[in-house]
Every structure is written in C-alpha cells, then in structure tokens.
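Just protein.tsv here, TSV, C-alpha atoms:
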```tsv
chain	number	residue	atom	x	y	z
A	58	MET	CA	-17.85	81.54	-78.44
A	59	TYR	CA	-19.30	82.04	-74.95
A	60	TRP	CA	-19.63	85.73	-75.75
A	61	ILE	CA	-21.60	85.28	-78.93
A	62	GLN	CA	-23.84	82.76	-77.24
A	63	SER	CA	-24.64	84.97	-74.24
A	64	VAL	CA	-25.22	88.12	-76.30
A	65	PHE	CA	-27.54	86.03	-78.48
A	66	THR	CA	-29.44	84.74	-75.42
A	67	GLY	CA	-29.92	88.27	-74.11
A	68	LEU	CA	-31.10	89.61	-77.45
A	69	THR	CA	-33.59	86.80	-77.99
A	70	GLY	CA	-35.08	87.38	-74.56
A	71	LEU	CA	-35.29	91.06	-75.36
A	72	LEU	CA	-36.92	90.33	-78.71
A	73	ALA	CA	-39.63	88.33	-76.94
A	74	ASN	CA	-40.29	91.21	-74.54
A	75	LEU	CA	-40.23	93.84	-77.26
A	76	SER	CA	-42.53	91.96	-79.60
A	77	ILE	CA	-45.16	91.71	-76.89
A	78	VAL	CA	-44.92	95.43	-76.15
A	79	TYR	CA	-45.06	96.09	-79.91
A	80	LEU	CA	-48.09	93.85	-80.44
A	81	THR	CA	-50.02	95.64	-77.70
A	82	GLY	CA	-49.39	98.84	-79.64
A	83	GLU	CA	-47.31	100.72	-77.08
A	84	ILE	CA	-44.15	101.09	-79.18
A	85	HIS	CA	-43.77	101.74	-82.93
A	86	MET	CA	-41.58	99.64	-85.21
A	87	LYS	CA	-38.92	102.32	-85.71
A	88	LYS	CA	-38.62	102.99	-82.00
A	89	ALA	CA	-38.50	99.24	-81.33
A	90	MET	CA	-35.53	98.85	-83.69
A	91	LYS	CA	-33.74	101.74	-82.01
A	92	ILE	CA	-34.31	100.22	-78.57
A	93	LEU	CA	-33.10	96.84	-79.81
A	94	ILE	CA	-29.81	98.27	-81.06
A	95	GLN	CA	-29.26	100.36	-77.92
A	96	VAL	CA	-29.98	97.42	-75.64
A	97	ALA	CA	-27.47	95.36	-77.67
A	98	VAL	CA	-24.84	97.98	-76.77
A	99	ILE	CA	-25.80	97.71	-73.11
A	100	ILE	CA	-25.72	93.88	-73.23
A	101	ILE	CA	-22.21	93.99	-74.70
A	102	ILE	CA	-21.04	96.33	-71.91
A	103	CYS	CA	-22.63	93.98	-69.37
A	104	LYS	CA	-20.83	90.96	-70.86
A	105	LEU	CA	-17.59	92.94	-70.79
A	106	GLY	CA	-18.14	93.57	-67.06
A	107	GLU	CA	-18.82	89.88	-66.48
A	108	ALA	CA	-15.70	88.93	-68.43
A	109	ILE	CA	-13.60	91.32	-66.34
A	110	GLN	CA	-15.11	89.84	-63.19
A	111	ALA	CA	-14.36	86.26	-64.30
A	112	TRP	CA	-10.83	87.19	-65.32
A	113	SER	CA	-9.84	89.23	-62.26
A	114	GLN	CA	-11.83	87.24	-59.66
A	115	ILE	CA	-12.81	90.41	-57.78
A	116	PRO	CA	-15.89	89.64	-55.64
A	117	ILE	CA	-18.15	92.28	-57.25
A	118	PRO	CA	-21.05	91.34	-59.56
A	119	GLY	CA	-20.05	91.66	-63.23
A	120	SER	CA	-23.10	93.80	-63.99
A	121	ILE	CA	-21.97	96.40	-61.42
A	122	ILE	CA	-18.58	96.55	-63.18
A	123	GLY	CA	-20.55	97.05	-66.40
A	124	LEU	CA	-22.55	99.85	-64.74
A	125	LEU	CA	-19.32	101.60	-63.74
A	126	ILE	CA	-17.87	101.17	-67.26
A	127	LEU	CA	-20.96	102.70	-68.89
A	128	PHE	CA	-21.01	105.50	-66.29
A	129	ILE	CA	-17.37	106.38	-66.99
A	130	LEU	CA	-17.93	106.21	-70.77
A	131	LEU	CA	-20.88	108.61	-70.40
A	132	ILE	CA	-18.95	111.06	-68.20
A	133	ALA	CA	-15.93	110.96	-70.52
A	134	LYS	CA	-18.33	111.57	-73.45
A	135	VAL	CA	-16.99	108.50	-75.25
A	136	ILE	CA	-20.58	107.34	-75.64
A	137	PRO	CA	-23.07	110.14	-76.33
A	138	GLU	CA	-26.14	110.09	-74.10
A	139	LYS	CA	-28.49	109.53	-77.05
A	140	TRP	CA	-26.82	106.22	-77.95
A	141	ILE	CA	-28.16	104.46	-74.89
A	142	MET	CA	-31.01	106.71	-73.65
A	143	ASP	CA	-34.01	104.85	-75.10
A	144	GLY	CA	-32.47	101.43	-74.46
A	145	SER	CA	-31.74	102.27	-70.80
A	146	ASN	CA	-35.18	103.69	-70.21
A	147	PHE	CA	-36.77	100.62	-71.78
A	148	LEU	CA	-34.72	98.20	-69.66
A	149	LEU	CA	-35.44	100.19	-66.50
A	150	SER	CA	-39.17	100.29	-67.31
A	151	ILE	CA	-39.36	96.48	-67.53
A	152	MET	CA	-36.88	95.86	-64.68
A	153	THR	CA	-39.59	94.56	-62.35
A	154	LEU	CA	-40.55	91.94	-64.96
A	155	LEU	CA	-36.94	90.80	-65.23
A	156	PHE	CA	-36.66	89.58	-61.65
A	157	VAL	CA	-39.94	87.66	-61.68
A	158	PRO	CA	-38.27	84.35	-62.74
A	159	ALA	CA	-35.81	84.60	-59.84
A	160	THR	CA	-38.62	85.41	-57.40
A	161	VAL	CA	-40.75	82.46	-58.52
A	162	GLY	CA	-37.93	80.28	-57.14
A	163	ILE	CA	-39.31	81.04	-53.66
A	164	MET	CA	-41.78	78.19	-54.28
A	165	ASN	CA	-38.96	75.78	-53.39
A	166	TYR	CA	-38.31	77.58	-50.08
A	167	PHE	CA	-41.75	78.06	-48.52
A	168	HIS	CA	-40.71	75.84	-45.59
A	169	ILE	CA	-38.27	78.52	-44.39
A	170	PHE	CA	-41.20	80.72	-43.36
A	171	GLN	CA	-42.83	77.97	-41.28
A	172	GLY	CA	-42.27	77.70	-37.52
A	173	LYS	CA	-39.96	80.44	-36.26
A	174	GLY	CA	-39.72	81.71	-39.86
A	175	TRP	CA	-42.28	84.44	-39.07
A	176	LEU	CA	-39.52	86.08	-37.03
A	177	LEU	CA	-37.75	86.81	-40.34
A	178	ILE	CA	-40.61	89.12	-41.35
A	179	LEU	CA	-40.40	90.97	-38.02
A	180	PHE	CA	-36.60	91.33	-38.32
A	181	MET	CA	-36.82	92.63	-41.89
A	182	ILE	CA	-39.34	95.28	-40.80
A	183	LEU	CA	-37.23	96.29	-37.77
A	184	SER	CA	-34.02	96.48	-39.77
A	185	THR	CA	-35.67	98.53	-42.54
A	186	VAL	CA	-36.99	101.00	-39.95
A	187	LEU	CA	-33.47	101.33	-38.48
A	188	VAL	CA	-31.93	101.96	-41.92
A	189	MET	CA	-34.58	104.57	-42.75
A	190	LEU	CA	-34.16	106.39	-39.46
A	191	SER	CA	-30.35	106.42	-39.49
A	192	SER	CA	-30.14	107.68	-43.09
A	193	GLY	CA	-32.95	110.17	-42.51
A	194	PHE	CA	-31.46	111.55	-39.28
A	195	VAL	CA	-28.04	112.19	-40.78
A	196	ALA	CA	-29.50	114.02	-43.78
A	197	GLU	CA	-31.96	115.98	-41.64
A	198	LYS	CA	-29.27	117.10	-39.17
A	199	TRP	CA	-26.43	117.99	-41.53
A	200	GLY	CA	-27.95	118.30	-45.01
A	201	LYS	CA	-29.31	121.38	-46.74
A	202	LYS	CA	-32.97	121.95	-46.02
A	203	SER	CA	-34.11	122.14	-49.62
A	204	VAL	CA	-32.95	120.83	-52.97
A	205	GLU	CA	-32.86	123.42	-55.76
A	206	GLN	CA	-35.20	123.14	-58.70
A	207	GLU	CA	-32.67	122.83	-61.55
A	208	ASP	CA	-31.32	119.58	-60.18
A	209	HIS	CA	-34.49	117.70	-60.87
A	210	PHE	CA	-34.51	114.74	-63.11
A	211	THR	CA	-36.53	111.60	-62.82
A	212	ALA	CA	-36.10	108.53	-64.95
B	210	MET	CA	-39.01	70.35	-80.04
B	211	LYS	CA	-40.99	69.90	-76.84
B	212	ILE	CA	-38.46	72.03	-74.97
B	213	ILE	CA	-38.80	74.88	-77.46
B	214	ILE	CA	-42.59	74.93	-77.05
B	215	VAL	CA	-42.29	74.84	-73.24
B	216	THR	CA	-39.72	77.66	-73.39
B	217	ILE	CA	-41.83	79.91	-75.59
B	218	PHE	CA	-44.94	79.16	-73.57
B	219	PHE	CA	-43.42	80.16	-70.23
B	220	ILE	CA	-41.85	83.33	-71.67
B	221	LEU	CA	-45.17	84.42	-73.16
B	222	MET	CA	-47.10	83.43	-70.03
B	223	THR	CA	-44.86	85.51	-67.75
B	224	ILE	CA	-44.90	88.57	-70.01
B	225	CYS	CA	-48.67	88.42	-70.58
B	226	ILE	CA	-49.43	88.14	-66.85
B	227	TYR	CA	-47.04	91.00	-66.22
B	228	MET	CA	-48.77	93.23	-68.78
B	229	ILE	CA	-52.19	92.49	-67.30
B	230	ALA	CA	-50.81	93.18	-63.79
B	231	THR	CA	-49.34	96.50	-65.00
B	232	LYS	CA	-52.71	97.52	-66.48
B	233	LEU	CA	-54.35	96.62	-63.17
B	234	TYR	CA	-51.81	98.65	-61.21
B	235	ASN	CA	-52.18	101.69	-63.47
B	236	LYS	CA	-55.93	101.57	-62.97
B	237	PHE	CA	-56.05	101.31	-59.16
B	238	ARG	CA	-52.61	102.67	-58.13
B	239	LEU	CA	-52.53	100.57	-54.93
B	240	PRO	CA	-48.96	99.70	-53.78
B	241	ILE	CA	-50.06	96.15	-52.92
B	242	LEU	CA	-50.94	95.63	-56.61
B	243	ASN	CA	-47.22	95.91	-57.43
B	244	PRO	CA	-46.96	94.23	-60.90
B	245	ALA	CA	-43.91	92.12	-59.96
B	246	LEU	CA	-45.65	90.86	-56.80
B	247	ILE	CA	-48.91	89.99	-58.60
B	248	THR	CA	-47.06	88.32	-61.51
B	249	THR	CA	-44.93	86.23	-59.14
B	250	ILE	CA	-47.95	85.08	-57.14
B	251	ALA	CA	-49.93	84.27	-60.31
B	252	VAL	CA	-47.04	82.28	-61.84
B	253	ILE	CA	-46.50	80.32	-58.60
B	254	ILE	CA	-50.22	79.50	-58.36
B	255	ILE	CA	-50.28	78.27	-61.99
B	256	LEU	CA	-47.16	76.13	-61.47
B	257	GLN	CA	-48.52	74.63	-58.24
B	258	LEU	CA	-51.93	73.99	-59.78
B	259	PHE	CA	-50.50	72.00	-62.70
B	260	HIS	CA	-47.68	70.42	-60.66
B	261	ILE	CA	-44.95	72.00	-62.78
B	262	SER	CA	-41.49	72.25	-61.19
B	263	TYR	CA	-39.47	75.44	-60.94
B	264	ASP	CA	-36.75	73.93	-63.13
B	265	THR	CA	-39.26	73.35	-65.93
B	266	TYR	CA	-40.51	76.93	-65.61
B	267	MET	CA	-36.94	78.20	-65.84
B	268	PHE	CA	-36.59	76.80	-69.39
B	269	GLY	CA	-38.56	79.91	-70.30
B	270	GLY	CA	-37.74	81.99	-67.24
B	271	GLN	CA	-33.98	82.05	-67.85
B	272	TRP	CA	-34.48	84.05	-71.06
B	273	ILE	CA	-36.14	86.83	-69.11
B	274	HIS	CA	-33.65	86.46	-66.25
B	275	GLU	CA	-30.78	86.89	-68.74
B	276	LEU	CA	-31.67	90.60	-69.15
B	277	LEU	CA	-31.35	91.34	-65.44
B	278	GLY	CA	-27.61	92.07	-65.72
B	279	PRO	CA	-28.05	94.55	-68.61
B	280	SER	CA	-30.83	96.30	-66.67
B	281	VAL	CA	-28.35	96.84	-63.82
B	282	VAL	CA	-25.90	98.35	-66.34
B	283	ALA	CA	-28.72	100.62	-67.55
B	284	LEU	CA	-28.83	102.23	-64.08
B	285	ALA	CA	-25.69	104.10	-65.18
B	286	TYR	CA	-27.92	106.42	-67.23
B	287	PRO	CA	-30.08	107.87	-64.40
B	288	LEU	CA	-26.91	108.04	-62.27
B	289	TYR	CA	-25.23	110.08	-65.03
B	290	LYS	CA	-28.26	112.39	-65.24
B	291	HIS	CA	-28.06	113.03	-61.49
B	292	ILE	CA	-24.35	113.79	-61.40
B	293	SER	CA	-24.75	117.54	-60.67
B	294	LEU	CA	-27.14	116.77	-57.82
B	295	ILE	CA	-24.65	114.27	-56.35
B	296	MET	CA	-21.75	116.71	-56.62
B	297	LYS	CA	-23.75	119.45	-54.90
B	298	HIS	CA	-24.63	117.32	-51.88
B	299	PHE	CA	-21.67	114.96	-52.17
B	300	LYS	CA	-20.55	114.64	-48.54
B	301	ILE	CA	-24.00	114.27	-47.05
B	302	ILE	CA	-25.19	111.76	-49.67
B	303	ILE	CA	-22.12	109.57	-49.25
B	304	SER	CA	-22.31	109.65	-45.43
B	305	CYS	CA	-26.03	108.81	-45.45
B	306	ILE	CA	-25.47	105.89	-47.79
B	307	MET	CA	-22.52	104.54	-45.80
B	308	ILE	CA	-24.46	104.75	-42.53
B	309	GLY	CA	-27.47	103.11	-44.17
B	310	ILE	CA	-25.38	100.22	-45.47
B	311	ILE	CA	-23.57	99.67	-42.16
B	312	VAL	CA	-26.80	99.79	-40.12
B	313	ASN	CA	-28.37	97.35	-42.58
B	314	ILE	CA	-25.53	94.82	-42.47
B	315	ILE	CA	-25.14	94.96	-38.68
B	316	SER	CA	-28.84	94.87	-37.81
B	317	VAL	CA	-29.69	92.00	-40.18
B	318	SER	CA	-26.70	89.87	-39.14
B	319	ALA	CA	-27.24	90.57	-35.43
B	320	PHE	CA	-30.99	89.81	-35.43
B	321	LEU	CA	-30.69	86.64	-37.48
B	322	PHE	CA	-27.60	85.41	-35.64
B	323	LEU	CA	-29.22	85.92	-32.23
B	324	ALA	CA	-32.39	84.12	-33.36
B	325	GLY	CA	-30.26	81.21	-34.55
B	326	PHE	CA	-31.04	81.23	-38.26
B	327	SER	CA	-28.70	79.37	-40.61
B	328	LYS	CA	-25.77	81.07	-42.33
B	329	GLU	CA	-27.44	80.56	-45.71
B	330	ILE	CA	-30.60	82.43	-44.66
B	331	THR	CA	-28.58	85.23	-43.05
B	332	LEU	CA	-26.50	85.67	-46.20
B	333	SER	CA	-29.70	85.80	-48.25
B	334	ALA	CA	-31.13	88.50	-45.99
B	335	ILE	CA	-28.14	90.87	-45.84
B	336	PRO	CA	-28.63	92.40	-49.34
B	337	LYS	CA	-32.28	93.23	-48.53
B	338	SER	CA	-31.96	97.03	-48.86
B	339	ILE	CA	-30.40	96.87	-52.34
B	340	THR	CA	-32.47	97.21	-55.49
B	341	ASN	CA	-33.69	93.77	-56.57
B	342	ALA	CA	-31.55	93.15	-59.66
B	343	VAL	CA	-28.33	93.96	-57.81
B	344	ALA	CA	-29.43	92.12	-54.66
B	345	ILE	CA	-29.84	88.91	-56.69
B	346	GLU	CA	-26.29	89.25	-58.02
B	347	VAL	CA	-24.84	90.04	-54.59
B	348	ALA	CA	-26.66	87.04	-53.08
B	349	ASN	CA	-25.15	84.84	-55.81
B	350	GLN	CA	-21.74	86.28	-55.06
B	351	ILE	CA	-21.73	85.56	-51.32
B	352	GLY	CA	-23.58	82.23	-51.46
B	353	GLY	CA	-27.09	83.21	-50.39
B	354	ILE	CA	-30.31	81.95	-52.00
B	355	PRO	CA	-31.29	84.57	-54.63
B	356	SER	CA	-35.01	83.64	-54.60
B	357	LEU	CA	-35.13	84.16	-50.85
B	358	THR	CA	-33.25	87.45	-51.17
B	359	VAL	CA	-35.91	88.81	-53.52
B	360	VAL	CA	-38.59	88.11	-50.93
B	361	PHE	CA	-36.61	89.98	-48.26
B	362	VAL	CA	-35.99	92.83	-50.69
B	363	MET	CA	-39.73	93.12	-51.28
B	364	MET	CA	-40.40	93.10	-47.52
B	365	ALA	CA	-37.92	95.98	-47.10
B	366	GLY	CA	-39.63	97.85	-49.95
B	367	PHE	CA	-43.15	97.51	-48.58
B	368	THR	CA	-42.08	98.26	-45.00
B	369	GLY	CA	-40.58	101.52	-46.26
B	370	ILE	CA	-43.65	102.75	-48.07
B	371	ILE	CA	-46.13	101.66	-45.36
B	372	ILE	CA	-44.22	102.68	-42.20
B	373	GLY	CA	-42.00	105.41	-43.72
B	374	PRO	CA	-44.59	108.21	-43.73
B	375	TYR	CA	-45.32	107.59	-40.00
B	376	LEU	CA	-41.60	107.59	-39.17
B	377	PHE	CA	-41.23	110.99	-40.86
B	378	LYS	CA	-44.06	112.36	-38.73
B	379	TRP	CA	-42.95	110.87	-35.39
B	380	PHE	CA	-39.25	111.65	-35.76
B	381	ASN	CA	-39.69	115.00	-37.46
B	382	ILE	CA	-37.89	114.15	-40.71
B	383	LYS	CA	-38.88	116.96	-43.05
B	384	SER	CA	-36.27	117.84	-45.67
B	385	ASP	CA	-36.33	116.49	-49.24
B	386	LEU	CA	-32.81	115.20	-48.79
B	387	ALA	CA	-33.63	113.24	-45.62
B	388	ARG	CA	-36.85	111.74	-46.95
B	389	GLY	CA	-35.29	110.82	-50.29
B	390	MET	CA	-32.31	109.23	-48.59
B	391	SER	CA	-34.55	107.24	-46.23
B	392	PHE	CA	-36.65	105.84	-49.06
B	393	GLY	CA	-33.78	105.21	-51.47
B	394	ASN	CA	-31.35	103.61	-49.03
B	395	ALA	CA	-33.85	101.44	-47.17
B	396	SER	CA	-36.56	100.66	-49.72
B	397	HIS	CA	-34.86	100.93	-53.16
B	398	GLY	CA	-37.21	101.01	-56.19
B	399	ILE	CA	-40.49	100.53	-54.35
B	400	GLY	CA	-39.50	103.34	-51.96
B	401	THR	CA	-38.45	105.57	-54.85
B	402	ALA	CA	-41.90	105.28	-56.43
B	403	LYS	CA	-43.35	106.46	-53.11
B	404	ALA	CA	-40.72	109.21	-52.76
B	405	LEU	CA	-41.91	110.68	-56.07
B	406	GLU	CA	-45.28	111.35	-54.41
B	407	TYR	CA	-43.46	113.79	-52.08
B	408	GLY	CA	-42.21	115.73	-55.10
B	409	LYS	CA	-39.61	115.49	-57.85
B	410	ALA	CA	-36.72	116.55	-55.60
B	411	THR	CA	-37.40	113.77	-53.10
B	412	GLY	CA	-37.72	111.31	-55.99
B	413	SER	CA	-34.39	112.34	-57.51
B	414	ILE	CA	-32.60	112.01	-54.18
B	415	SER	CA	-34.21	108.63	-53.65
B	416	THR	CA	-33.12	107.39	-57.11
B	417	THR	CA	-29.57	108.54	-56.38
B	418	GLY	CA	-29.62	106.88	-52.96
B	419	MET	CA	-30.93	103.65	-54.46
B	420	ILE	CA	-28.28	103.42	-57.20
B	421	LEU	CA	-25.31	104.54	-55.12
B	422	SER	CA	-26.19	102.32	-52.16
B	423	ALA	CA	-26.50	99.39	-54.59
B	424	ILE	CA	-23.03	100.10	-55.98
B	425	PHE	CA	-21.39	100.59	-52.58
B	426	SER	CA	-23.18	97.57	-51.09
B	427	SER	CA	-21.99	95.34	-53.91
B	428	PHE	CA	-18.44	96.29	-52.92
B	429	LEU	CA	-18.89	96.25	-49.14
B	430	ILE	CA	-21.04	93.15	-48.60
B	431	PRO	CA	-18.69	90.71	-50.41
B	432	LEU	CA	-15.74	92.40	-48.67
B	433	MET	CA	-17.35	91.97	-45.27
B	434	PHE	CA	-18.13	88.37	-46.19
B	435	ILE	CA	-14.46	87.68	-46.95
B	436	LEU	CA	-13.35	89.28	-43.68
B	437	LEU	CA	-15.88	87.51	-41.45
B	438	PHE	CA	-16.18	83.98	-42.84
```
Re-express the file's structure as structure tokens.
Amino acid sequence: MYWIQSVFTGLTGLLANLSIVYLTGEIHMKKAMKILIQVAVIIIICKLGEAIQAWSQIPIPGSIIGLLILFILLIAKVIPEKWIMDGSNFLLSIMTLLFVPATVGIMNYFHIFQGKGWLLILFMILSTVLVMLSSGFVAEKWGKKSVEQEDHFTA
Amino acid sequence: MKIIIVTIFFILMTICIYMIATKLYNKFRLPILNPALITTIAVIIILQLFHISYDTYMFGGQWIHELLGPSVVALAYPLYKHISLIMKHFKIIISCIMIGIIVNIISVSAFLFLAGFSKEITLSAIPKSITNAVAIEVANQIGGIPSLTVVFVMMAGFTGIIIGPYLFKWFNIKSDLARGMSFGNASHGIGTAKALEYGKATGSISTTGMILSAIFSSFLIPLMFILLF
C-alpha cells in the first residue's frame, strides 16, 4: 500500500512539472509520454532502494542504494541504456528545481546566521578551499597530464 | 478542498518562478543568477510578505521534493556513461575523492567544534561538499537540519567557482584531471558547470568526481557518525 501511494505521489509531482514544461512548448507530447514512463521506472528503482534501506537498517540513504542498483543493472545490460536515458536526463535537468522546497526551509533558521553565525560562512569558504587544493594537488602530482578525447561525455 | 487549492497553487508558483529564473540565467549567464538560488529567494520573500508559514508552503512543496530521490537515482546514467574514463584513471580518481572527503569531514568538524557551534549545526555542515540532493538525504540520515545543509552546500559551490580559478593560478594546478577533481569534489554541480568552461574533459572529470564523492560520502559520513557519537 505504502509503495503504491509513494509511486503515485512521485508521478503526480512529475506530471505537474512536465505539464508546465509542455505548456511552455519545450517538449512535445510524444516525448513527454516517453519521459513519464522512464521516470516511473526510475521512481520504482528509488522506492526499491528505500525499501531495502528500511528493511536492512543500513545507514545509507535509500536513493543512493537505488543509484547503485540502477548502475549495476546498466552495467549488466539488464536494463538497456535507452530505457532510462530520456527520463534520467529530464530529472537531472530539473534537479535544481527539486531541492528548492528543502532550501526554502532556511526561513525558519535565519537566527543561526546572526551573532557569531557569520563565522560559518568563513569556515565553509576555508574548508572548500582546503578540499579543492588537496584534491587538485594529488591529481596534479600523480595523475596523467591530459585526458584523451574519446573519453568525453557530458550529461 | 482548500488544501488542494493551496497545494496546486504552491506547486505552480514554484515551477513558474523557476522557469522565469532559468530564462533569466540563460540570458545573462551570471553564476549569481543561479536559478535555484533566485527561486529560493523569491519564494521566501513571497512567503514572508504574506505571512505564510513554511509548513503551509510544504503542502505544495512536498510534491516537488518527492522527486529528489529519483533524481539521485538518475545520476547512475552519467556515471555509467563515464565508466571507461573512471577505469582509465581509476587509482588517481579514487585517491583524490577519498582525500577530498577526509579533508572535508575533518576541516568542517574541527572548525565548527573549535568555534563552539552546536552538534546539530556541525552535522548539517559536514555534507557540504556533496551534490545537493544527496546532501539533503545524508543530513536526514545523521540528524542534521536539511534546509541548513542546502545553504552550506550552496556556499561550497559558489566558493569553488569564485575562488577556484585563482587557486589554480597561485598553486599551479594545470591538468584537466586536477581541475576537474577540484571542482567536482569540492563544489559539486555548481562547480561542474564552471568546469565545463575549461573544456569537455575537465567537465567529464568533474561530473565523475561529483557523483563518486557523493556515493562514497553517503557511506563514510554516516559511518563516521556512528563511530564518533
């Protein structure tokens, strides 16, 4: 029951997003249907990951388990690439929209940035610089100097 | 009935603002016009102006939020497309990512602990170098505040694209691999968009770094949490 309900919730949310994109004339009806079906496959894999997480109690987000499942299915050629290609690309293209609702929640936490809260900004900048430099140094010192052309792919 | 109207209204409002923000970004191409940032600010201003609570907004917002998990699963596709690139530079990519994650966890916890911030804030800040969707889930997992995490994630992203190019110049970081790894591991999606400006190779490496560091972090951060607390 929980399954059907959550797949339904996901699909309705998707339908709302898709219809807006469709109305603004960026996607045709046939393509929209294809994306809808492919995203349904991805939602089911995600719910499977969440179910595994809830059942096994491992402290890893269910969606990451879903990611690994889909990745393995793709490598093992159980799911052909074209079954999920358009759906994945669509979800990834609207990913920044999807975390807006979570971000809006910051309105309840503005007080954290008052007083010594400004230090948080400084620490985030410092820590990011350290991560960039450490990763960059290791790759610069021991990695190959150039990456060959045929490897290129960008989503 | 009232709830249904409120729900539909907030879904439409968020998506419409987002589409306008995307148009704006495509026109001017300024990083500060990041569509997610503009949409968030616009929604918060509207809610504050009309004295609407976050919980009311989430009647609509949760429907959009629901797709966040599936979008994380969708990352499997670009990862699959990059598999030959990963295999070719396997050792170096894995070591870079591991070092990035460890430096991130240690530096954030040390800074915030020394400055005396609460455990809740520290836990929200630790996933800051992970791509947003995964960071939210990791924050949920370890008991941080997801909304706060997103703000830290955005700070990490913007720091990367603003300071990154200077760091490359000062510290002589030149190769595609090094630049891609820096952007991907430290500044996730926002950094990857910038990495693409350095060329397709840098962009691919950055995408790989972003996805793999998200996967490894989502294993390591909860593990570290169990060991330490």
ask   = Could you name the residues that touch Ile217 of chain B at 10 Å or less, counting all atoms listed in the file, but leaving out those on the same chain fewer than 4 positions away, as a PyMOL selection string?
value = (chain A and resi 73) or (chain B and resi 212-213+221-222+268-270+272)
Among listed residues A:Thr153, A:Val135, A:Ile92, A:Ile121, nearest Ser426 of chain B (using all atoms listed in the file) =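 Residue with the minimum atom-to-atom distance to Ser426 of chain B: A:Ile121.
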ask   = Interatomic distance between atom CA of Ser192 of chain A and atom CA of Ile345 of chain B?
value = 23.2 Å
Distance query segment 281-294 of chain B at most 6 Å, all atoms listed in the file, self and fewer than 3 positions along chain excluded, as a compact mmCIF listing (two decimals) with C-alpha atoms, in the coordinates of the input:
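Heads up, here's the output in part11.txt:
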```txt
# COMPACT_ATOMS: atom_id res chain seq x y z
CA SER A 120 -23.10 93.80 -63.99
CA GLY A 123 -20.55 97.05 -66.40
CA LEU A 124 -22.55 99.85 -64.74
CA PHE A 128 -21.01 105.50 -66.29
CA SER A 145 -31.74 102.27 -70.80
CA ASP A 208 -31.32 119.58 -60.18
CA GLY B 278 -27.61 92.07 -65.72
CA LYS B 297 -23.75 119.45 -54.90
```
Given all atoms listed in the file, how would the per-residue table for segment 338-367 of chain B near segment 99-117 of chain A read, listing every residue at most 10 Å away with its closest atom pair and distance in Å to one decimal, sorted by chain and number, as a Markdown table?
```
| residue | atom | partner | partner_atom | distance |
| --- | --- | --- | --- | --- |
| B:Glu346 | CA | A:Ile117 | CA | 8.7 |
| B:Val347 | CA | A:Ile117 | CA | 7.5 |
| B:Gln350 | CA | A:Pro116 | CA | 6.8 |
| B:Ile351 | CA | A:Pro116 | CA | 8.3 |
```
task = For segment 365-369 of chain B, list every protein, DNA or RNA residue within 10 Å, evaluated using only C-alpha atoms, and leave out those in the same chain fewer than 6 positions away; present the list as number ranges by chain.
result = A: 178, 181-186, 188-189; B: 240-241, 243, 337-341, 359, 375-376, 391-401, 403
